[in-house]
>>> print(open('entry29.pdb').read())   # PDB, C-alpha atoms and all ligand atoms
ATOM      1  CA  MET A  54      -7.063 -42.079 -60.203  1.00  0.00           C
ATOM      2  CA  GLN A  55     -10.218 -42.630 -58.183  1.00  0.00           C
ATOM      3  CA  GLN A  56     -10.658 -46.047 -59.832  1.00  0.00           C
ATOM      4  CA  HIS A  57      -7.052 -47.014 -59.142  1.00  0.00           C
ATOM      5  CA  SER A  58      -7.378 -46.281 -55.448  1.00  0.00           C
ATOM      6  CA  ASP A  59     -10.629 -48.273 -55.302  1.00  0.00           C
ATOM      7  CA  VAL A  60      -8.840 -51.296 -56.684  1.00  0.00           C
ATOM      8  CA  LEU A  61      -6.081 -50.841 -54.148  1.00  0.00           C
ATOM      9  CA  THR A  62      -8.606 -50.622 -51.305  1.00  0.00           C
ATOM     10  CA  ARG A  63     -10.345 -53.741 -52.548  1.00  0.00           C
ATOM     11  CA  LYS A  64      -7.036 -55.578 -52.811  1.00  0.00           C
ATOM     12  CA  ARG A  65      -6.157 -54.546 -49.274  1.00  0.00           C
ATOM     13  CA  SER A  66      -9.485 -55.602 -47.827  1.00  0.00           C
ATOM     14  CA  LEU A  67      -9.247 -58.912 -49.664  1.00  0.00           C
ATOM     15  CA  LEU A  68      -5.814 -59.431 -48.154  1.00  0.00           C
ATOM     16  CA  TRP A  69      -7.200 -58.716 -44.691  1.00  0.00           C
ATOM     17  CA  ALA A  70     -10.077 -61.083 -45.266  1.00  0.00           C
ATOM     18  CA  VAL A  71      -7.593 -63.836 -46.181  1.00  0.00           C
ATOM     19  CA  ARG A  72      -5.477 -63.031 -43.112  1.00  0.00           C
ATOM     20  CA  ILE A  73      -8.473 -63.116 -40.786  1.00  0.00           C
ATOM     21  CA  ALA A  74      -9.713 -66.359 -42.365  1.00  0.00           C
ATOM     22  CA  THR A  75      -6.262 -67.915 -41.931  1.00  0.00           C
ATOM     23  CA  VAL A  76      -6.127 -66.982 -38.246  1.00  0.00           C
ATOM     24  CA  ALA A  77      -9.693 -68.240 -37.722  1.00  0.00           C
ATOM     25  CA  LEU A  78      -8.910 -71.532 -39.457  1.00  0.00           C
ATOM     26  CA  GLY A  79      -5.800 -71.966 -37.327  1.00  0.00           C
ATOM     27  CA  THR A  80      -7.849 -71.484 -34.170  1.00  0.00           C
ATOM     28  CA  VAL A  81     -10.467 -73.998 -35.312  1.00  0.00           C
ATOM     29  CA  CYS A  82      -7.790 -76.597 -36.174  1.00  0.00           C
ATOM     30  CA  ALA A  83      -6.028 -76.138 -32.835  1.00  0.00           C
ATOM     31  CA  ALA A  84      -9.334 -76.551 -30.985  1.00  0.00           C
ATOM     32  CA  ALA A  85     -10.272 -79.644 -33.008  1.00  0.00           C
ATOM     33  CA  SER A  86      -6.948 -81.400 -32.474  1.00  0.00           C
ATOM     34  CA  ALA A  87      -7.045 -80.597 -28.767  1.00  0.00           C
ATOM     35  CA  LEU A  88     -10.449 -82.259 -28.557  1.00  0.00           C
ATOM     36  CA  GLU A  89      -9.392 -85.321 -30.532  1.00  0.00           C
ATOM     37  CA  CYS A  90      -6.407 -86.031 -28.286  1.00  0.00           C
ATOM     38  CA  GLY A  91      -8.658 -87.026 -25.435  1.00  0.00           C
ATOM     39  CA  ILE A  92     -12.042 -88.539 -24.655  1.00  0.00           C
ATOM     40  CA  THR A  93     -14.431 -88.777 -21.724  1.00  0.00           C
ATOM     41  CA  LEU A  94     -15.806 -92.226 -20.963  1.00  0.00           C
ATOM     42  CA  GLN A  95     -18.892 -92.390 -18.826  1.00  0.00           C
ATOM     43  CA  THR A  96     -19.682 -95.259 -16.460  1.00  0.00           C
ATOM     44  CA  ASP A  97     -22.580 -95.886 -14.110  1.00  0.00           C
ATOM     45  CA  ASP A  98     -24.086 -98.824 -12.187  1.00  0.00           C
ATOM     46  CA  ALA A  99     -24.294-100.903 -15.366  1.00  0.00           C
ATOM     47  CA  LEU A 100     -21.102-102.666 -16.389  1.00  0.00           C
ATOM     48  CA  ARG A 101     -20.347-100.523 -19.414  1.00  0.00           C
ATOM     49  CA  PHE A 102     -18.192 -97.764 -20.835  1.00  0.00           C
ATOM     50  CA  ILE A 103     -19.905 -95.105 -22.930  1.00  0.00           C
ATOM     51  CA  PRO A 104     -18.651 -94.961 -25.620  1.00  0.00           C
ATOM     52  CA  SER A 105     -17.216 -98.459 -25.911  1.00  0.00           C
ATOM     53  CA  HIS A 106     -14.807 -97.660 -28.735  1.00  0.00           C
ATOM     54  CA  ILE A 107     -11.979 -95.128 -28.784  1.00  0.00           C
ATOM     55  CA  THR A 108     -10.151 -93.987 -31.901  1.00  0.00           C
ATOM     56  CA  VAL A 109      -6.800 -92.406 -31.070  1.00  0.00           C
ATOM     57  CA  PRO A 110      -5.403 -90.168 -33.826  1.00  0.00           C
ATOM     58  CA  ALA A 111      -1.823 -91.198 -34.613  1.00  0.00           C
ATOM     59  CA  THR A 112      -1.019 -87.474 -34.897  1.00  0.00           C
ATOM     60  CA  CYS A 113      -1.553 -86.954 -31.148  1.00  0.00           C
ATOM     61  CA  LYS A 114       1.574 -86.935 -28.991  1.00  0.00           C
ATOM     62  CA  ASP A 115      -0.407 -87.713 -25.841  1.00  0.00           C
ATOM     63  CA  PHE A 116      -3.950 -88.971 -25.355  1.00  0.00           C
ATOM     64  CA  THR A 117      -6.067 -88.407 -22.254  1.00  0.00           C
ATOM     65  CA  VAL A 118      -8.874 -90.658 -21.094  1.00  0.00           C
ATOM     66  CA  THR A 119     -11.193 -89.113 -18.520  1.00  0.00           C
ATOM     67  CA  LEU A 120     -13.367 -91.592 -16.644  1.00  0.00           C
ATOM     68  CA  THR A 121     -16.576 -90.551 -14.909  1.00  0.00           C
ATOM     69  CA  HIS A 122     -18.888 -92.559 -12.650  1.00  0.00           C
ATOM     70  CA  LYS A 123     -22.523 -91.408 -12.688  1.00  0.00           C
ATOM     71  CA  GLY A 124     -23.845 -94.361 -10.670  1.00  0.00           C
ATOM     72  CA  HIS A 125     -25.395 -94.477  -7.214  1.00  0.00           C
ATOM     73  CA  LEU A 126     -24.261 -97.806  -5.710  1.00  0.00           C
ATOM     74  CA  PRO A 127     -21.611 -97.685  -2.940  1.00  0.00           C
ATOM     75  CA  PRO A 128     -17.946 -98.034  -4.045  1.00  0.00           C
ATOM     76  CA  LEU A 129     -17.538-101.429  -2.347  1.00  0.00           C
ATOM     77  CA  ALA A 130     -20.203-102.814  -4.650  1.00  0.00           C
ATOM     78  CA  MET A 131     -19.635-100.770  -7.791  1.00  0.00           C
ATOM     79  CA  SER A 132     -16.232 -99.223  -8.491  1.00  0.00           C
ATOM     80  CA  HIS A 133     -14.618 -98.862 -11.893  1.00  0.00           C
ATOM     81  CA  ASN A 134     -11.217 -98.326 -13.424  1.00  0.00           C
ATOM     82  CA  TRP A 135      -9.969 -98.135 -17.002  1.00  0.00           C
ATOM     83  CA  VAL A 136      -7.127-100.424 -18.020  1.00  0.00           C
ATOM     84  CA  LEU A 137      -5.605-100.478 -21.512  1.00  0.00           C
ATOM     85  CA  THR A 138      -3.885-103.517 -22.979  1.00  0.00           C
ATOM     86  CA  LYS A 139      -3.442-105.408 -26.235  1.00  0.00           C
ATOM     87  CA  LYS A 140      -6.384-107.579 -27.205  1.00  0.00           C
ATOM     88  CA  SER A 141      -4.131-110.629 -26.969  1.00  0.00           C
ATOM     89  CA  ASP A 142      -3.255-109.740 -23.340  1.00  0.00           C
ATOM     90  CA  LEU A 143      -6.818-109.177 -22.155  1.00  0.00           C
ATOM     91  CA  ASP A 144      -7.320-112.382 -20.151  1.00  0.00           C
ATOM     92  CA  GLY A 145      -3.958-112.154 -18.403  1.00  0.00           C
ATOM     93  CA  VAL A 146      -4.412-108.500 -17.443  1.00  0.00           C
ATOM     94  CA  ALA A 147      -7.956-109.165 -16.211  1.00  0.00           C
ATOM     95  CA  ARG A 148      -6.590-111.924 -13.945  1.00  0.00           C
ATOM     96  CA  THR A 149      -3.654-109.983 -12.438  1.00  0.00           C
ATOM     97  CA  GLY A 150      -5.859-106.910 -12.014  1.00  0.00           C
ATOM     98  CA  MET A 151      -8.509-108.782 -10.087  1.00  0.00           C
ATOM     99  CA  LEU A 152      -5.878-110.437  -7.862  1.00  0.00           C
ATOM    100  CA  ALA A 153      -4.192-107.080  -7.145  1.00  0.00           C
ATOM    101  CA  GLY A 154      -7.140-106.003  -4.991  1.00  0.00           C
ATOM    102  CA  ALA A 155      -8.904-102.707  -4.394  1.00  0.00           C
ATOM    103  CA  ASP A 156      -6.034-101.143  -2.404  1.00  0.00           C
ATOM    104  CA  ALA A 157      -3.899-101.425  -5.565  1.00  0.00           C
ATOM    105  CA  HIS A 158      -6.788-100.056  -7.662  1.00  0.00           C
ATOM    106  CA  HIS A 159      -7.067-103.544  -9.158  1.00  0.00           C
ATOM    107  CA  VAL A 160      -3.917-103.080 -11.219  1.00  0.00           C
ATOM    108  CA  ASP A 161      -0.768-105.172 -10.815  1.00  0.00           C
ATOM    109  CA  GLN A 162       2.073-102.639 -11.101  1.00  0.00           C
ATOM    110  CA  ASN A 163       4.447-105.437 -12.195  1.00  0.00           C
ATOM    111  CA  ASP A 164       2.271-106.458 -15.113  1.00  0.00           C
ATOM    112  CA  LYS A 165       4.053-104.967 -18.142  1.00  0.00           C
ATOM    113  CA  ARG A 166       1.086-105.819 -20.346  1.00  0.00           C
ATOM    114  CA  VAL A 167      -0.808-102.880 -18.818  1.00  0.00           C
ATOM    115  CA  ILE A 168      -0.209 -99.960 -21.202  1.00  0.00           C
ATOM    116  CA  ALA A 169      -2.114 -97.318 -19.238  1.00  0.00           C
ATOM    117  CA  HIS A 170      -4.663 -97.264 -16.439  1.00  0.00           C
ATOM    118  CA  THR A 171      -6.638 -95.009 -14.152  1.00  0.00           C
ATOM    119  CA  LYS A 172      -7.187 -95.433 -10.444  1.00  0.00           C
ATOM    120  CA  LEU A 173     -10.378 -97.034  -9.151  1.00  0.00           C
ATOM    121  CA  ILE A 174     -13.292 -94.619  -8.727  1.00  0.00           C
ATOM    122  CA  GLY A 175     -16.665 -94.795  -7.010  1.00  0.00           C
ATOM    123  CA  MET A 176     -19.986 -93.043  -7.617  1.00  0.00           C
ATOM    124  CA  GLY A 177     -19.736 -89.346  -8.411  1.00  0.00           C
ATOM    125  CA  GLU A 178     -15.984 -89.459  -8.938  1.00  0.00           C
ATOM    126  CA  THR A 179     -13.908 -88.581 -11.989  1.00  0.00           C
ATOM    127  CA  THR A 180     -10.335 -89.498 -12.819  1.00  0.00           C
ATOM    128  CA  ALA A 181      -8.059 -89.257 -15.835  1.00  0.00           C
ATOM    129  CA  VAL A 182      -4.925 -90.756 -17.319  1.00  0.00           C
ATOM    130  CA  THR A 183      -2.659 -89.406 -20.059  1.00  0.00           C
ATOM    131  CA  PHE A 184      -0.400 -91.714 -22.038  1.00  0.00           C
ATOM    132  CA  GLU A 185       2.038 -91.376 -24.932  1.00  0.00           C
ATOM    133  CA  VAL A 186       0.524 -92.371 -28.266  1.00  0.00           C
ATOM    134  CA  SER A 187       3.951 -93.512 -29.515  1.00  0.00           C
ATOM    135  CA  GLN A 188       3.548 -96.634 -27.330  1.00  0.00           C
ATOM    136  CA  LEU A 189       0.707 -97.775 -29.564  1.00  0.00           C
ATOM    137  CA  LYS A 190       0.809 -99.225 -33.065  1.00  0.00           C
ATOM    138  CA  VAL A 191      -1.503 -98.475 -35.960  1.00  0.00           C
ATOM    139  CA  GLY A 192      -3.372-101.683 -36.860  1.00  0.00           C
ATOM    140  CA  GLU A 193      -2.855-103.377 -33.477  1.00  0.00           C
ATOM    141  CA  PRO A 194      -6.171-104.219 -31.764  1.00  0.00           C
ATOM    142  CA  TYR A 195      -6.284-102.850 -28.225  1.00  0.00           C
ATOM    143  CA  VAL A 196      -8.900-103.362 -25.549  1.00  0.00           C
ATOM    144  CA  PHE A 197      -9.770-101.535 -22.362  1.00  0.00           C
ATOM    145  CA  LEU A 198     -11.486-103.082 -19.402  1.00  0.00           C
ATOM    146  CA  CYS A 199     -12.534-102.548 -15.816  1.00  0.00           C
ATOM    147  CA  THR A 200     -10.625-104.957 -13.557  1.00  0.00           C
ATOM    148  CA  PHE A 201     -12.815-104.413 -10.469  1.00  0.00           C
ATOM    149  CA  ALA A 202     -14.032-107.736  -9.076  1.00  0.00           C
ATOM    150  CA  GLY A 203     -16.160-109.538 -11.617  1.00  0.00           C
ATOM    151  CA  HIS A 204     -16.443-106.688 -14.120  1.00  0.00           C
ATOM    152  CA  SER A 205     -13.890-107.637 -16.776  1.00  0.00           C
ATOM    153  CA  PRO A 206     -15.922-110.278 -18.659  1.00  0.00           C
ATOM    154  CA  ILE A 207     -18.571-107.647 -19.494  1.00  0.00           C
ATOM    155  CA  MET A 208     -17.111-104.212 -18.868  1.00  0.00           C
ATOM    156  CA  ARG A 209     -14.760-103.703 -21.778  1.00  0.00           C
ATOM    157  CA  GLY A 210     -14.269-101.802 -24.987  1.00  0.00           C
ATOM    158  CA  THR A 211     -11.955-101.503 -27.953  1.00  0.00           C
ATOM    159  CA  LEU A 212      -9.335 -98.961 -28.958  1.00  0.00           C
ATOM    160  CA  SER A 213      -7.512 -98.404 -32.205  1.00  0.00           C
ATOM    161  CA  VAL A 214      -4.974 -95.917 -33.533  1.00  0.00           C
ATOM    162  CA  GLN A 215      -5.627 -94.266 -36.876  1.00  0.00           C
TER     163      GLN A 215
HETATM  164 CO    CO B   1     -16.221-101.708 -13.266  1.00  0.00          CO
END
>>> encode(input="entry29.pdb", output="C-alpha cells")
Amino acid sequence: MQQHSDVLTRKRSLLWAVRIATVALGTVCAAASALECGITLQTDDALRFIPSHITVPATCKDFTVTLTHKGHLPPLAMSHNWVLTKKSDLDGVARTGMLAGADAHHVDQNDKRVIAHTKLIGMGETTAVTFEVSQLKVGEPYVFLCTFAGHSPIMRGTLSVQ
C-alpha cells in the first residue's frame, strides 16, 4: 500500500514537471518569436546601418524596424531614414527619395516601389516602422537604403524573407 502511494505521488509529480516545462517552453517560444519579428538598426555619423542585413521570418505577421541615430553631427549635415524596396528598384527609389527633399523625409509618397520607410531622424533620435510581412516574397532580394542627400550609394543593406 505504501509502495503504491509512492508510485502515485511520483506519477503526479512527473505530470506536474511536464506541465511546468510545457508552460515554460511556451513562454520561451513566445518571447523568441516576439524578438524575431523586429530588429533595431543602429546608425551614426558614418554612412552605415548596423547590422546591414535583416532576415525576416516568413512566420511573422508584422515586422518592426527600429532605427537609432547615435551620431553627433547636426541633422542638416547628417540625417538618416530607412527605406525598403526591391533590389531591382533601388536606383529609382534612391532618385525619387533624394528629389523629395527633407520636408518629405526624403521619401516620394507617390513612389509605389517604396515598400516601407521611416521618417528622417537626426542625432540622438529613434524612430520605427512596422510593415506587413505578407507584402514580401520568399526568395526575392530586397534592399534598404538611406535616401538623405548623397547617402544612398553607400548607406544601404539587404533584407530577405525566410
Ligand atoms: Co543617411
>>> resolve_selection(input="entry29.pdb", expression="the PyMOL selection byres (((not hetatm)) within 10 of (chain B and resi 1))", output="ChimeraX atom specification")
/A:96-102,122,130-135,173-175,198-205,207-209
>>> atom_distance(input="entry29.pdb", atom1="atom CA of Val167 of chain A", atom2="atom CA of Tyr195 of chain A")
10.9 Å
>>> closest_residue(input="entry29.pdb", among="A:Met176, A:Cys113, A:Val186, A:Val118", to="Thr93 of chain A", atoms="only C-alpha atoms")
A:Val118
>>> closest_residue(input="entry29.pdb", among="A:Val191, A:Ile92, A:Leu120, A:Ile103", to="Thr179 of chain A", atoms="all atoms listed in the file")
A:Leu120
>>> resolve_selection(input="entry29.pdb", expression="the PyMOL selection byres (((chain A and resi 139) around 8) and not hetatm)", output="ChimeraX atom specification")
/A:137-138,140-143,166,193-196
>>> write_last_selection(input="entry29.pdb", atoms="C-alpha atoms", output="mmCIF file, in the coordinates of the input")
data_model
loop_
_atom_site.group_PDB
_atom_site.id
_atom_site.type_symbol
_atom_site.label_atom_id
_atom_site.label_comp_id
_atom_site.auth_asym_id
_atom_site.auth_seq_id
_atom_site.Cartn_x
_atom_site.Cartn_y
_atom_site.Cartn_z
ATOM 1 C CA LEU A 137 -5.605 -100.478 -21.512
ATOM 2 C CA THR A 138 -3.885 -103.517 -22.979
ATOM 3 C CA LYS A 140 -6.384 -107.579 -27.205
ATOM 4 C CA SER A 141 -4.131 -110.629 -26.969
ATOM 5 C CA ASP A 142 -3.255 -109.740 -23.340
ATOM 6 C CA LEU A 143 -6.818 -109.177 -22.155
ATOM 7 C CA ARG A 166 1.086 -105.819 -20.346
ATOM 8 C CA GLU A 193 -2.855 -103.377 -33.477
ATOM 9 C CA PRO A 194 -6.171 -104.219 -31.764
ATOM 10 C CA TYR A 195 -6.284 -102.850 -28.225
ATOM 11 C CA VAL A 196 -8.900 -103.362 -25.549
#
>>> residues_around(input="entry29.pdb", residues="Thr180 of chain A", least_positions_apart="5", cutoff="7 Å", atoms="only C-alpha atoms", output="ChimeraX atom specification")
/A:119-121,171
>>> atom_distance(input="entry29.pdb", atom1="atom CA of Glu178 of chain A", atom2="atom CA of Leu129 of chain A")
13.8 Å
>>> residues_near_point(input="entry29.pdb", point="(-6.1, -108.6, -12.9)", cutoff="9 Å", atoms="only C-alpha atoms", output="PDB file with C-alpha atoms, in the frame of the given file")
ATOM      1  CA  ASP A 144      -7.320-112.382 -20.151  1.00  0.00           C
ATOM      2  CA  GLY A 145      -3.958-112.154 -18.403  1.00  0.00           C
ATOM      3  CA  VAL A 146      -4.412-108.500 -17.443  1.00  0.00           C
ATOM      4  CA  ALA A 147      -7.956-109.165 -16.211  1.00  0.00           C
ATOM      5  CA  ARG A 148      -6.590-111.924 -13.945  1.00  0.00           C
ATOM      6  CA  THR A 149      -3.654-109.983 -12.438  1.00  0.00           C
ATOM      7  CA  GLY A 150      -5.859-106.910 -12.014  1.00  0.00           C
ATOM      8  CA  MET A 151      -8.509-108.782 -10.087  1.00  0.00           C
ATOM      9  CA  LEU A 152      -5.878-110.437  -7.862  1.00  0.00           C
ATOM     10  CA  ALA A 153      -4.192-107.080  -7.145  1.00  0.00           C
ATOM     11  CA  GLY A 154      -7.140-106.003  -4.991  1.00  0.00           C
ATOM     12  CA  HIS A 159      -7.067-103.544  -9.158  1.00  0.00           C
ATOM     13  CA  VAL A 160      -3.917-103.080 -11.219  1.00  0.00           C
ATOM     14  CA  ASP A 161      -0.768-105.172 -10.815  1.00  0.00           C
ATOM     15  CA  ASP A 164       2.271-106.458 -15.113  1.00  0.00           C
ATOM     16  CA  THR A 200     -10.625-104.957 -13.557  1.00  0.00           C
ATOM     17  CA  PHE A 201     -12.815-104.413 -10.469  1.00  0.00           C
ATOM     18  CA  ALA A 202     -14.032-107.736  -9.076  1.00  0.00           C
ATOM     19  CA  SER A 205     -13.890-107.637 -16.776  1.00  0.00           C
TER      20      SER A 205
END
>>> atom_distance(input="entry29.pdb", atom1="atom CA of Val182 of chain A", atom2="atom CA of Ala169 of chain A")
7.4 Å
>>> resolve_selection(input="entry29.pdb", expression="the PyMOL selection byres (((chain A and resi 184) around 9) and not hetatm)", output="MDAnalysis selection string")
chainID A and resid 114:118 168:170 182:183 185:188
>>> closest_residue(input="entry29.pdb", among="A:Leu189, A:Cys90, A:Leu212, A:Val136", to="Ser105 of chain A", atoms="all atoms listed in the file")
A:Leu212
>>> closest_residue(input="entry29.pdb", among="A:Phe197, A:Ala155, A:Gln162, A:Val109", to="Ser213 of chain A", atoms="only C-alpha atoms")
A:Val109
>>> closest_residue(input="entry29.pdb", among="A:Thr112, A:Gly177, A:His125, A:Ile107", to="Thr211 of chain A", atoms="only C-alpha atoms")
A:Ile107
